[in-house]
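data10.tsv (TSV, C-alpha atoms and all ligand atoms) appears below.
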```tsv
chain	number	residue	atom	x	y	z
A	9	SER	CA	-143.79	-26.86	47.48
A	10	ARG	CA	-140.57	-28.53	46.51
A	11	PHE	CA	-137.96	-27.70	43.87
A	12	GLY	CA	-136.13	-31.01	43.97
A	13	ASP	CA	-134.36	-31.09	47.31
A	14	PHE	CA	-135.05	-27.37	47.83
A	15	GLY	CA	-138.10	-25.36	48.97
A	16	GLY	CA	-140.46	-26.37	51.80
A	17	GLN	CA	-141.67	-24.58	54.93
A	18	TYR	CA	-139.05	-24.56	57.71
A	19	VAL	CA	-141.04	-22.25	59.97
A	20	PRO	CA	-142.35	-22.30	63.53
A	21	GLU	CA	-145.79	-23.86	64.12
A	22	ALA	CA	-147.25	-20.35	64.56
A	23	LEU	CA	-146.84	-19.65	60.82
A	24	HIS	CA	-148.25	-22.92	59.45
A	25	ALA	CA	-151.93	-21.90	59.50
A	26	CYS	CA	-151.42	-18.57	57.76
A	27	LEU	CA	-149.10	-20.11	55.15
A	28	ARG	CA	-151.82	-22.68	54.42
A	29	GLU	CA	-154.34	-19.81	54.13
A	30	LEU	CA	-151.97	-17.97	51.79
A	31	GLU	CA	-151.38	-21.09	49.66
A	32	ALA	CA	-155.13	-21.72	49.34
A	33	GLY	CA	-155.72	-18.07	48.43
A	34	PHE	CA	-152.91	-18.16	45.87
A	35	ASP	CA	-154.05	-21.42	44.24
A	36	GLU	CA	-157.61	-20.09	44.02
A	37	ALA	CA	-156.48	-16.74	42.58
A	38	VAL	CA	-154.22	-18.16	39.85
A	39	ALA	CA	-157.05	-20.51	38.81
A	40	ASP	CA	-159.52	-17.60	38.66
A	41	PRO	CA	-159.68	-15.75	35.28
A	42	LYS	CA	-161.08	-12.75	37.20
A	43	PHE	CA	-157.79	-12.44	39.15
A	44	TRP	CA	-155.75	-12.30	35.94
A	45	GLU	CA	-158.24	-9.88	34.35
A	46	GLU	CA	-157.78	-7.60	37.38
A	47	PHE	CA	-153.97	-7.94	37.14
A	48	ARG	CA	-154.06	-7.16	33.41
A	49	SER	CA	-156.30	-4.15	34.06
A	50	LEU	CA	-153.26	-2.70	35.90
A	51	TYR	CA	-150.98	-2.97	32.85
A	52	SER	CA	-151.60	0.62	31.75
A	53	TYR	CA	-150.80	1.76	35.32
A	54	ILE	CA	-147.54	-0.24	35.35
A	55	GLY	CA	-146.64	0.47	31.73
A	56	ARG	CA	-146.81	-3.14	30.52
A	57	PRO	CA	-145.75	-4.65	28.24
A	58	SER	CA	-142.29	-3.28	28.96
A	59	SER	CA	-140.27	-2.78	25.78
A	60	LEU	CA	-137.73	-5.19	24.29
A	61	HIS	CA	-135.22	-3.60	21.94
A	62	LYS	CA	-131.69	-4.00	20.51
A	63	ALA	CA	-128.66	-2.41	22.22
A	64	ASP	CA	-126.61	-1.64	19.10
A	65	ARG	CA	-123.65	0.15	20.68
A	66	LEU	CA	-123.39	-2.33	23.58
A	67	THR	CA	-123.54	-5.15	20.98
A	68	GLU	CA	-120.72	-3.56	19.00
A	69	TYR	CA	-118.65	-2.90	22.15
A	70	CYS	CA	-118.95	-6.51	23.39
A	71	GLY	CA	-118.19	-7.79	19.87
A	72	GLY	CA	-120.18	-11.01	19.81
A	73	ALA	CA	-123.89	-11.85	20.15
A	74	GLN	CA	-126.69	-9.40	19.32
A	75	ILE	CA	-127.71	-7.88	22.66
A	76	TRP	CA	-131.36	-7.07	23.48
A	77	LEU	CA	-132.71	-5.23	26.52
A	78	LYS	CA	-135.94	-6.05	28.38
A	79	ARG	CA	-136.84	-2.71	29.92
A	80	GLU	CA	-138.29	-3.51	33.37
A	81	ASP	CA	-136.58	-0.27	34.46
A	82	LEU	CA	-139.30	1.62	32.56
A	83	ASN	CA	-142.11	0.21	34.71
A	84	HIS	CA	-143.92	2.59	37.06
A	85	THR	CA	-141.68	3.11	40.21
A	86	GLY	CA	-138.59	2.05	38.25
A	87	SER	CA	-138.16	-1.72	38.51
A	88	HIS	CA	-139.76	-5.17	38.13
A	89	LYS	CA	-140.84	-5.05	41.78
A	90	ILE	CA	-144.16	-3.40	40.89
A	91	ASN	CA	-145.37	-6.58	39.08
A	92	ASN	CA	-145.17	-8.67	42.26
A	93	ALA	CA	-146.30	-5.92	44.66
A	94	LEU	CA	-149.52	-5.20	42.75
A	95	ALA	CA	-150.33	-8.90	42.27
A	96	GLN	CA	-149.80	-9.61	45.97
A	97	LEU	CA	-152.01	-6.64	46.89
A	98	LEU	CA	-154.80	-8.19	44.80
A	99	LEU	CA	-154.23	-11.41	46.76
A	100	ALA	CA	-154.20	-9.57	50.12
A	101	LYS	CA	-157.56	-7.99	49.26
A	102	ARG	CA	-159.01	-11.41	48.34
A	103	LEU	CA	-157.81	-12.67	51.74
A	104	GLY	CA	-159.48	-9.71	53.48
A	105	LYS	CA	-156.26	-8.38	54.97
A	106	THR	CA	-156.24	-4.73	55.98
A	107	GLU	CA	-152.59	-4.06	56.86
A	108	ILE	CA	-149.62	-4.54	54.56
A	109	ILE	CA	-145.97	-5.04	55.53
A	110	ALA	CA	-142.88	-5.51	53.36
A	111	GLU	CA	-139.10	-5.80	53.63
A	112	THR	CA	-136.82	-3.83	51.37
A	113	GLY	CA	-133.12	-3.46	50.63
A	114	ALA	CA	-132.74	-1.29	47.52
A	115	GLY	CA	-136.01	0.38	48.42
A	116	GLN	CA	-137.51	-0.55	45.06
A	117	HIS	CA	-139.75	-3.23	46.56
A	118	GLY	CA	-140.61	-0.85	49.39
A	119	VAL	CA	-141.60	1.88	46.92
A	120	ALA	CA	-143.54	-0.65	44.81
A	121	THR	CA	-145.46	-1.88	47.85
A	122	ALA	CA	-146.11	1.67	49.11
A	123	THR	CA	-147.33	2.57	45.60
A	124	ALA	CA	-149.68	-0.41	45.48
A	125	CYS	CA	-150.99	0.42	48.97
A	126	ALA	CA	-151.66	4.02	47.96
A	127	LYS	CA	-153.51	2.77	44.90
A	128	PHE	CA	-155.61	0.26	46.90
A	129	GLY	CA	-155.95	2.38	50.07
A	130	LEU	CA	-154.24	0.01	52.51
A	131	LYS	CA	-151.94	0.86	55.42
A	132	CYS	CA	-148.31	0.12	54.58
A	133	THR	CA	-145.27	-0.49	56.84
A	134	VAL	CA	-141.88	-1.20	55.27
A	135	PHE	CA	-138.93	-2.69	57.18
A	136	MET	CA	-135.54	-1.49	55.91
A	137	GLY	CA	-132.00	-1.97	57.28
A	138	ALA	CA	-130.57	1.28	58.67
A	139	GLU	CA	-127.58	0.98	56.33
A	140	ASP	CA	-129.95	0.72	53.35
A	141	VAL	CA	-131.99	3.67	54.67
A	142	ARG	CA	-128.72	5.60	54.32
A	143	ARG	CA	-127.57	4.33	50.90
A	144	GLN	CA	-131.01	4.33	49.23
A	145	ALA	CA	-132.25	7.57	50.81
A	146	LEU	CA	-134.10	8.65	47.65
A	147	ASN	CA	-136.37	5.62	47.95
A	148	VAL	CA	-136.99	6.25	51.67
A	149	PHE	CA	-138.27	9.73	50.78
A	150	ARG	CA	-140.46	8.20	48.05
A	151	MET	CA	-141.93	5.59	50.42
A	152	ARG	CA	-142.83	8.26	52.97
A	153	ILE	CA	-144.26	10.58	50.31
A	154	LEU	CA	-146.41	7.66	49.16
A	155	GLY	CA	-147.83	7.38	52.69
A	156	ALA	CA	-145.91	4.37	53.97
A	157	LYS	CA	-144.25	4.04	57.37
A	158	VAL	CA	-140.57	3.10	57.07
A	159	VAL	CA	-139.10	1.21	60.06
A	160	ALA	CA	-135.29	1.39	60.16
A	161	VAL	CA	-133.93	-1.97	61.38
A	162	THR	CA	-130.74	-1.60	63.42
A	163	ASN	CA	-129.88	-5.18	64.31
A	164	GLY	CA	-127.18	-7.24	62.60
A	165	THR	CA	-125.73	-5.91	59.38
A	166	ARG	CA	-128.61	-3.42	59.06
A	167	THR	CA	-129.32	-4.58	55.49
A	168	LEU	CA	-131.88	-6.71	53.63
A	169	ARG	CA	-131.27	-9.82	55.70
A	170	ASP	CA	-132.14	-8.00	58.93
A	171	ALA	CA	-135.12	-6.21	57.36
A	172	THR	CA	-136.52	-9.58	56.25
A	173	SER	CA	-136.07	-11.13	59.71
A	174	GLU	CA	-137.78	-8.14	61.31
A	175	ALA	CA	-140.69	-8.31	58.85
A	176	PHE	CA	-141.22	-12.01	59.66
A	177	ARG	CA	-141.06	-11.26	63.41
A	178	PHE	CA	-143.70	-8.53	63.06
A	179	TRP	CA	-145.88	-10.74	60.85
A	180	VAL	CA	-145.94	-13.66	63.32
A	181	THR	CA	-147.48	-11.37	65.97
A	182	ASN	CA	-150.05	-9.82	63.60
A	183	LEU	CA	-151.21	-12.72	61.42
A	184	LYS	CA	-154.95	-12.01	61.55
A	185	THR	CA	-154.97	-8.57	59.95
A	186	THR	CA	-151.59	-8.38	58.24
A	187	TYR	CA	-150.42	-9.55	54.81
A	188	TYR	CA	-146.63	-9.77	54.28
A	189	VAL	CA	-145.75	-8.79	50.70
A	190	VAL	CA	-142.47	-10.67	50.26
A	191	GLY	CA	-140.35	-8.87	47.65
A	192	SER	CA	-138.34	-11.73	46.22
A	193	ALA	CA	-138.61	-15.43	45.38
A	194	ILE	CA	-137.47	-16.38	48.89
A	195	GLY	CA	-139.12	-17.52	52.13
A	196	PRO	CA	-141.30	-20.52	52.94
A	197	HIS	CA	-143.69	-22.11	50.45
A	198	PRO	CA	-145.79	-20.69	48.75
A	199	TYR	CA	-143.75	-17.45	48.50
A	200	PRO	CA	-141.03	-18.61	46.02
A	201	THR	CA	-143.70	-20.06	43.68
A	202	LEU	CA	-146.05	-17.09	44.19
A	203	VAL	CA	-143.42	-14.44	43.48
A	204	ARG	CA	-141.99	-16.31	40.47
A	205	THR	CA	-145.49	-16.76	39.06
A	206	PHE	CA	-146.26	-13.05	39.33
A	207	GLN	CA	-142.86	-12.06	37.87
A	208	SER	CA	-143.08	-14.56	35.00
A	209	VAL	CA	-144.93	-11.88	33.07
A	210	ILE	CA	-141.37	-10.67	32.25
A	211	GLY	CA	-140.26	-13.88	30.53
A	212	GLN	CA	-143.63	-14.48	28.88
A	213	GLU	CA	-143.58	-11.03	27.26
A	214	THR	CA	-139.91	-11.41	26.29
A	215	LYS	CA	-140.55	-14.73	24.54
A	216	LYS	CA	-143.47	-13.27	22.56
A	217	GLN	CA	-141.76	-9.97	21.70
A	218	PHE	CA	-138.50	-11.67	20.65
A	219	ALA	CA	-140.38	-14.14	18.38
A	220	GLU	CA	-142.36	-11.29	16.78
A	221	LEU	CA	-139.12	-9.40	16.06
A	222	ASN	CA	-137.15	-12.47	14.90
A	223	ASN	CA	-139.67	-14.51	12.84
A	224	GLY	CA	-140.66	-16.95	15.57
A	225	LYS	CA	-137.19	-17.66	16.96
A	226	LEU	CA	-136.06	-18.06	20.58
A	227	PRO	CA	-133.10	-16.10	21.97
A	228	ASP	CA	-129.91	-18.12	22.48
A	229	ALA	CA	-129.27	-16.77	25.99
A	230	VAL	CA	-131.10	-14.81	28.71
A	231	VAL	CA	-129.25	-12.98	31.51
A	232	ALA	CA	-130.52	-11.54	34.81
A	233	CYS	CA	-128.99	-10.42	38.10
A	234	VAL	CA	-129.69	-12.50	41.20
A	235	GLY	CA	-130.55	-11.12	44.64
A	236	GLY	CA	-133.35	-13.21	46.12
A	237	GLY	CA	-134.24	-14.42	42.61
A	238	SER	CA	-137.49	-12.74	41.56
A	239	ASN	CA	-136.46	-10.99	38.34
A	240	SER	CA	-134.32	-13.97	37.30
A	241	THR	CA	-136.97	-16.66	37.95
A	242	GLY	CA	-139.57	-14.35	36.39
A	243	MET	CA	-137.46	-13.97	33.26
A	244	PHE	CA	-136.15	-17.57	33.16
A	245	SER	CA	-139.21	-19.68	34.05
A	246	PRO	CA	-141.06	-19.25	30.69
A	247	PHE	CA	-137.85	-20.50	28.99
A	248	GLU	CA	-137.21	-23.38	31.42
A	249	LYS	CA	-138.34	-26.06	28.95
A	250	ASP	CA	-136.62	-24.42	25.96
A	251	LEU	CA	-133.28	-26.14	26.45
A	252	SER	CA	-131.67	-24.24	23.55
A	253	VAL	CA	-131.95	-21.06	25.66
A	254	LYS	CA	-129.00	-20.60	28.02
A	255	LEU	CA	-130.02	-19.12	31.40
A	256	LEU	CA	-127.34	-17.07	33.17
A	257	GLY	CA	-127.77	-15.56	36.63
A	258	VAL	CA	-125.27	-12.94	37.79
A	259	GLU	CA	-124.72	-12.62	41.55
A	260	ALA	CA	-122.98	-9.94	43.63
A	261	GLY	CA	-119.27	-10.76	43.86
A	262	GLY	CA	-118.67	-7.72	46.11
A	263	ASP	CA	-114.94	-7.41	46.87
A	264	GLY	CA	-114.39	-10.86	45.31
A	265	ILE	CA	-115.76	-14.32	46.14
A	266	ASP	CA	-112.37	-15.21	47.62
A	267	THR	CA	-113.03	-12.56	50.28
A	268	GLU	CA	-115.58	-12.53	53.10
A	269	HIS	CA	-117.26	-9.51	51.46
A	270	HIS	CA	-119.69	-10.65	48.80
A	271	SER	CA	-123.27	-12.01	48.35
A	272	ALA	CA	-122.64	-14.71	45.76
A	273	THR	CA	-124.82	-17.33	47.44
A	274	LEU	CA	-125.11	-19.83	44.57
A	275	THR	CA	-121.52	-19.40	43.41
A	276	ALA	CA	-119.85	-19.61	46.83
A	277	GLY	CA	-122.50	-20.91	49.27
A	278	ARG	CA	-123.94	-24.34	49.91
A	279	PRO	CA	-127.31	-25.96	50.71
A	280	GLY	CA	-128.91	-24.89	53.99
A	281	VAL	CA	-132.04	-23.46	55.59
A	282	PHE	CA	-132.58	-19.70	55.82
A	283	HIS	CA	-135.68	-17.53	56.26
A	284	GLY	CA	-137.93	-20.56	56.28
A	285	VAL	CA	-136.75	-22.37	53.18
A	286	LYS	CA	-134.20	-25.02	52.11
A	287	THR	CA	-131.97	-23.35	49.56
A	288	TYR	CA	-128.35	-22.21	49.16
A	289	VAL	CA	-126.93	-20.10	51.98
A	290	LEU	CA	-123.64	-18.29	52.64
A	291	GLN	CA	-122.82	-19.95	55.95
A	292	ASP	CA	-119.93	-21.30	58.00
A	293	GLN	CA	-119.49	-25.01	58.80
A	294	ASP	CA	-121.71	-24.61	61.89
A	295	GLY	CA	-124.53	-23.20	59.76
A	296	GLN	CA	-124.03	-19.64	61.06
A	297	VAL	CA	-125.10	-17.33	58.25
A	298	HIS	CA	-122.31	-15.07	56.97
A	299	ASP	CA	-122.48	-11.29	56.90
A	300	THR	CA	-122.59	-10.21	53.25
A	301	HIS	CA	-121.55	-7.21	51.20
A	302	SER	CA	-122.48	-5.73	47.85
A	303	VAL	CA	-122.30	-2.28	46.33
A	304	SER	CA	-125.97	-2.91	45.47
A	305	ALA	CA	-128.40	-3.11	48.40
A	306	GLY	CA	-130.82	-5.29	46.44
A	307	LEU	CA	-128.31	-8.11	45.97
A	308	ASP	CA	-126.83	-7.85	49.46
A	309	TYR	CA	-128.41	-11.02	50.92
A	310	PRO	CA	-126.96	-14.37	52.15
A	311	GLY	CA	-129.87	-16.47	50.89
A	312	VAL	CA	-131.42	-17.04	47.47
A	313	GLY	CA	-134.63	-18.51	46.01
A	314	PRO	CA	-134.98	-22.32	46.13
A	315	GLU	CA	-135.97	-22.55	42.44
A	316	LEU	CA	-132.58	-21.10	41.45
A	317	ALA	CA	-130.86	-23.54	43.83
A	318	PHE	CA	-132.72	-26.32	42.02
A	319	TRP	CA	-131.76	-25.05	38.55
A	320	LYS	CA	-128.15	-24.86	39.72
A	321	SER	CA	-128.30	-28.46	40.95
A	322	THR	CA	-129.79	-29.70	37.66
A	323	GLY	CA	-127.53	-27.49	35.55
A	324	ARG	CA	-130.54	-25.82	33.88
A	325	ALA	CA	-129.15	-22.42	34.79
A	326	GLU	CA	-125.61	-21.20	35.31
A	327	PHE	CA	-124.48	-18.61	37.82
A	328	ILE	CA	-121.48	-16.29	37.90
A	329	ALA	CA	-120.49	-13.45	40.19
A	330	ALA	CA	-119.69	-9.89	39.12
A	331	SER	CA	-117.63	-7.87	41.62
A	332	ASP	CA	-118.53	-4.37	42.77
A	333	ALA	CA	-115.95	-2.96	40.34
A	334	GLN	CA	-117.34	-5.03	37.46
A	335	ALA	CA	-120.90	-3.93	38.30
A	336	LEU	CA	-119.78	-0.30	38.27
A	337	GLU	CA	-118.26	-1.02	34.85
A	338	GLY	CA	-121.63	-2.40	33.71
A	339	PHE	CA	-123.33	0.70	35.13
A	340	LYS	CA	-121.04	2.92	33.05
A	341	LEU	CA	-121.33	0.79	29.89
A	342	LEU	CA	-125.13	0.94	29.65
A	343	SER	CA	-125.17	4.62	30.61
A	344	GLN	CA	-122.56	5.75	28.08
A	345	LEU	CA	-123.26	3.30	25.23
A	346	GLU	CA	-127.09	3.22	25.35
A	347	GLY	CA	-128.08	6.31	27.36
A	348	ILE	CA	-129.76	4.08	29.98
A	349	ILE	CA	-128.73	4.51	33.64
A	350	PRO	CA	-129.36	1.06	35.22
A	351	ALA	CA	-129.80	0.14	38.88
A	352	LEU	CA	-126.59	-1.16	40.46
A	353	GLU	CA	-128.35	-4.51	40.81
A	354	SER	CA	-129.07	-4.66	37.05
A	355	SER	CA	-125.50	-3.47	36.36
A	356	HIS	CA	-124.25	-6.90	37.48
A	357	ALA	CA	-126.32	-8.47	34.68
A	358	ILE	CA	-124.98	-5.95	32.14
A	359	TYR	CA	-121.39	-6.90	32.99
A	360	GLY	CA	-122.07	-10.65	33.02
A	361	ALA	CA	-124.02	-10.43	29.73
A	362	CYS	CA	-121.17	-8.60	28.01
A	363	GLU	CA	-118.71	-11.31	29.12
A	364	LEU	CA	-121.05	-13.99	27.76
A	365	ALA	CA	-121.81	-12.10	24.52
A	366	LYS	CA	-118.06	-11.97	23.76
A	367	LYS	CA	-118.03	-15.78	23.67
A	368	MET	CA	-121.04	-15.99	21.33
A	369	ARG	CA	-121.36	-15.58	17.55
A	370	PRO	CA	-122.79	-12.44	15.89
A	371	ASP	CA	-125.69	-14.50	14.52
A	372	GLN	CA	-126.72	-15.41	18.07
A	373	HIS	CA	-128.98	-13.35	20.35
A	374	LEU	CA	-128.79	-12.57	24.07
A	375	VAL	CA	-131.46	-10.79	26.15
A	376	ILE	CA	-130.58	-8.87	29.33
A	377	ASN	CA	-133.28	-8.17	31.88
A	378	VAL	CA	-132.74	-4.54	32.88
A	379	SER	CA	-134.49	-5.00	36.23
A	380	GLY	CA	-134.38	-1.38	37.39
A	381	ARG	CA	-133.23	2.17	36.81
A	382	GLY	CA	-130.31	3.80	38.58
A	383	ASP	CA	-131.72	7.09	39.92
A	384	LYS	CA	-131.49	5.65	43.45
A	385	ASP	CA	-127.77	4.91	42.95
A	386	VAL	CA	-126.33	8.03	41.32
A	387	GLN	CA	-125.13	9.39	44.69
A	388	SER	CA	-123.22	6.23	45.66
A	389	VAL	CA	-121.83	5.82	42.13
A	390	ALA	CA	-120.61	9.43	42.14
A	391	GLU	CA	-118.75	8.60	45.38
A	392	ALA	CA	-117.42	5.29	43.98
A	393	LEU	CA	-116.40	6.75	40.61
A	394	PRO	CA	-115.18	10.29	41.46
A	395	LYS	CA	-113.35	10.54	38.14
A	396	LEU	CA	-116.56	9.70	36.22
B	401	LIG	C1	-136.93	-7.36	48.25
B	401	LIG	C2	-135.56	-6.90	48.49
B	401	LIG	C3	-134.83	-6.55	47.23
B	401	LIG	C4	-134.93	-5.33	46.57
B	401	LIG	N1	-134.42	-5.14	45.31
B	401	LIG	C5	-133.80	-6.03	44.62
B	401	LIG	C6	-133.48	-5.78	43.21
B	401	LIG	C7	-132.98	-6.82	42.41
B	401	LIG	C8	-132.65	-8.19	42.98
B	401	LIG	O1	-133.82	-8.80	43.46
B	401	LIG	P1	-134.39	-10.13	42.75
B	401	LIG	O2	-134.85	-9.74	41.39
B	401	LIG	O3	-135.53	-10.56	43.62
B	401	LIG	O4	-133.25	-11.12	42.71
B	401	LIG	C9	-132.75	-6.60	41.07
B	401	LIG	N2	-132.99	-5.40	40.50
B	401	LIG	C10	-133.44	-4.36	41.24
B	401	LIG	C11	-133.68	-3.05	40.57
B	401	LIG	C12	-133.70	-4.52	42.62
B	401	LIG	O5	-134.15	-3.47	43.35
B	401	LIG	C13	-135.60	-4.15	47.11
B	401	LIG	O6	-135.85	-4.08	48.30
B	401	LIG	O7	-135.93	-3.24	46.31
```
Here is the file; what I need is its structure written in the form of structure tokens.
Amino acid sequence: SRFGDFGGQYVPEALHACLRELEAGFDEAVADPKFWEEFRSLYSYIGRPSSLHKADRLTEYCGGAQIWLKREDLNHTGSHKINNALAQLLLAKRLGKTEIIAETGAGQHGVATATACAKFGLKCTVFMGAEDVRRQALNVFRMRILGAKVVAVTNGTRTLRDATSEAFRFWVTNLKTTYYVVGSAIGPHPYPTLVRTFQSVIGQETKKQFAELNNGKLPDAVVACVGGGSNSTGMFSPFEKDLSVKLLGVEAGGDGIDTEHHSATLTAGRPGVFHGVKTYVLQDQDGQVHDTHSVSAGLDYPGVGPELAFWKSTGRAEFIAASDAQALEGFKLLSQLEGIIPALESSHAIYGACELAKKMRPDQHLVINVSGRGDKDVQSVAEALPKL
């Protein structure tokens, strides 16, 4: 349950028993070939494997490494979130839970959980900050159309942080019947391990596909955006032992990490406890957690997964921040050079990858995890880029 000094279960006594039940259920499931057979039987529903292909015009534009795209945006519901939501629903069924709750920021995890609940016939309640209900309205409609109840959370900054706190509060009072599908590699043990394990299908496929297309070679670098850390740990973990592969996480630099308005937890935060886990936190010297900002709702969060905090401390992965303006640049680049409209979250990885590619040689290869598609964001981008 530890990632070096990070991880653990910093939760009230009331949660210990159900976290132990969850850990036992998880350990049993991952050791059971039947669980993985059931997960793989969902691949045609998800659209796995997702494709890996070259980005020729983006490669030319950046002028350095060969750039490849892992298309998690093409999954059913439009992001990587479906991998984790479906796997956790299988786990919830094994644990005999009848009610499902989830938190959401960008609405992608909310839609993925609502989709999985519709498929498995379970009641679904999604907690979402009122500000995110406004800026990701398309996904709120989708959740409701899929049969889920969306609870707008109005405390605090009315974003992902508050939705997550509210989901935990609800869970603690409904432990017997309710399974909390956590949407990122955050929260108390076993959630960071559980979510990374289910998302590692991304990195496993990437490694195999890249080798098949490049006579057995590994890529030289892999890039992913970082919110709570699920698409990054899912993409990075299969490469963790391959030290020749550079791992780069791109966080939300908002208005700039020298301002109070960003969500670059690993770049500008420090070790602390938040949402039940020891990790990096954006906090003041008294440990009060900062309000955060990002143009992308899915990265707008003052915590981060403990495994990424560990990889930062060991130097296995590097982290940079892309500002709102730089993310909007990444959004435009992929749209106009490759005809792919990425989620604003993924747009941070596009920008960061292009900066890295420039510093690499043309005989080197870099893979970007395109974590989601940008349909949900076109309204806010149109407002942000009126001259587009
Ligand atoms: C679970 C809260 C985060 C959400 N989304 C985060 C997100 C992220 C960042 O989340 P992580 O992969 O967990 O760091 C990246 N790409 C897309 C398309 C996302 O939607 C959500 O609610 O949909």
>> At a cut-off of 6 Å around the point (-146.4, -10.2, 59.3) (file coordinates), what residues fall inside when counting all atoms listed in the file? I'd like the answer as number ranges by chain.
In response: A: 176, 178-180, 182-183, 186, 188
Please tell me which residues are no farther than 10 Å from (-134.8, -7.1, 60.0) in the file, counting all atoms listed in the file, and write them as a PDB file with C-alpha atoms, in the frame of the given file.
```
ATOM      1  CA  GLU A 111    -139.100  -5.800  53.630  1.00  0.00           C
ATOM      2  CA  THR A 112    -136.820  -3.830  51.370  1.00  0.00           C
ATOM      3  CA  PHE A 135    -138.930  -2.690  57.180  1.00  0.00           C
ATOM      4  CA  MET A 136    -135.540  -1.490  55.910  1.00  0.00           C
ATOM      5  CA  GLY A 137    -132.000  -1.970  57.280  1.00  0.00           C
ATOM      6  CA  ALA A 138    -130.570   1.280  58.670  1.00  0.00           C
ATOM      7  CA  VAL A 159    -139.100   1.210  60.060  1.00  0.00           C
ATOM      8  CA  ALA A 160    -135.290   1.390  60.160  1.00  0.00           C
ATOM      9  CA  VAL A 161    -133.930  -1.970  61.380  1.00  0.00           C
ATOM     10  CA  THR A 162    -130.740  -1.600  63.420  1.00  0.00           C
ATOM     11  CA  ASN A 163    -129.880  -5.180  64.310  1.00  0.00           C
ATOM     12  CA  GLY A 164    -127.180  -7.240  62.600  1.00  0.00           C
ATOM     13  CA  THR A 165    -125.730  -5.910  59.380  1.00  0.00           C
ATOM     14  CA  ARG A 166    -128.610  -3.420  59.060  1.00  0.00           C
ATOM     15  CA  THR A 167    -129.320  -4.580  55.490  1.00  0.00           C
ATOM     16  CA  LEU A 168    -131.880  -6.710  53.630  1.00  0.00           C
ATOM     17  CA  ARG A 169    -131.270  -9.820  55.700  1.00  0.00           C
ATOM     18  CA  ASP A 170    -132.140  -8.000  58.930  1.00  0.00           C
ATOM     19  CA  ALA A 171    -135.120  -6.210  57.360  1.00  0.00           C
ATOM     20  CA  THR A 172    -136.520  -9.580  56.250  1.00  0.00           C
ATOM     21  CA  SER A 173    -136.070 -11.130  59.710  1.00  0.00           C
ATOM     22  CA  GLU A 174    -137.780  -8.140  61.310  1.00  0.00           C
ATOM     23  CA  ALA A 175    -140.690  -8.310  58.850  1.00  0.00           C
ATOM     24  CA  PHE A 176    -141.220 -12.010  59.660  1.00  0.00           C
ATOM     25  CA  ARG A 177    -141.060 -11.260  63.410  1.00  0.00           C
ATOM     26  CA  PHE A 178    -143.700  -8.530  63.060  1.00  0.00           C
TER      27      PHE A 178
END
```
Neighbours of ligand LIG 401 (chain B) within 7 Å, counting all atoms listed in the file, as a PDB file with C-alpha atoms, keeping the file's coordinate frame?
```pdb
ATOM      1  CA  SER A  87    -138.160  -1.720  38.510  1.00  0.00           C
ATOM      2  CA  HIS A  88    -139.760  -5.170  38.130  1.00  0.00           C
ATOM      3  CA  LYS A  89    -140.840  -5.050  41.780  1.00  0.00           C
ATOM      4  CA  GLU A 111    -139.100  -5.800  53.630  1.00  0.00           C
ATOM      5  CA  THR A 112    -136.820  -3.830  51.370  1.00  0.00           C
ATOM      6  CA  GLY A 113    -133.120  -3.460  50.630  1.00  0.00           C
ATOM      7  CA  ALA A 114    -132.740  -1.290  47.520  1.00  0.00           C
ATOM      8  CA  GLY A 115    -136.010   0.380  48.420  1.00  0.00           C
ATOM      9  CA  GLN A 116    -137.510  -0.550  45.060  1.00  0.00           C
ATOM     10  CA  HIS A 117    -139.750  -3.230  46.560  1.00  0.00           C
ATOM     11  CA  GLY A 118    -140.610  -0.850  49.390  1.00  0.00           C
ATOM     12  CA  LEU A 168    -131.880  -6.710  53.630  1.00  0.00           C
ATOM     13  CA  VAL A 190    -142.470 -10.670  50.260  1.00  0.00           C
ATOM     14  CA  GLY A 191    -140.350  -8.870  47.650  1.00  0.00           C
ATOM     15  CA  SER A 192    -138.340 -11.730  46.220  1.00  0.00           C
ATOM     16  CA  ALA A 193    -138.610 -15.430  45.380  1.00  0.00           C
ATOM     17  CA  CYS A 233    -128.990 -10.420  38.100  1.00  0.00           C
ATOM     18  CA  VAL A 234    -129.690 -12.500  41.200  1.00  0.00           C
ATOM     19  CA  GLY A 235    -130.550 -11.120  44.640  1.00  0.00           C
ATOM     20  CA  GLY A 236    -133.350 -13.210  46.120  1.00  0.00           C
ATOM     21  CA  GLY A 237    -134.240 -14.420  42.610  1.00  0.00           C
ATOM     22  CA  SER A 238    -137.490 -12.740  41.560  1.00  0.00           C
ATOM     23  CA  ASN A 239    -136.460 -10.990  38.340  1.00  0.00           C
ATOM     24  CA  SER A 240    -134.320 -13.970  37.300  1.00  0.00           C
ATOM     25  CA  GLY A 306    -130.820  -5.290  46.440  1.00  0.00           C
ATOM     26  CA  LEU A 307    -128.310  -8.110  45.970  1.00  0.00           C
ATOM     27  CA  ALA A 351    -129.800   0.140  38.880  1.00  0.00           C
ATOM     28  CA  GLU A 353    -128.350  -4.510  40.810  1.00  0.00           C
ATOM     29  CA  SER A 354    -129.070  -4.660  37.050  1.00  0.00           C
ATOM     30  CA  SER A 379    -134.490  -5.000  36.230  1.00  0.00           C
ATOM     31  CA  GLY A 380    -134.380  -1.380  37.390  1.00  0.00           C
ATOM     32  CA  ARG A 381    -133.230   2.170  36.810  1.00  0.00           C
TER      33      ARG A 381
END
```
> Out of A:Thr201, A:Gln372, A:Asn222, A:Gln387, which residue has the shortest atom-to-atom distance to Phe11 in chain A when counting only C-alpha atoms?
Replying inline: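 Selected residue with least distance to Phe11 in chain A: A:Thr201.
You can rank A:Ser304, A:Asn83, A:Ser355, A:Thr275 by their closest distance to Glu326 in chain A using only C-alpha atoms, and at the top of that list sits A:Thr275.
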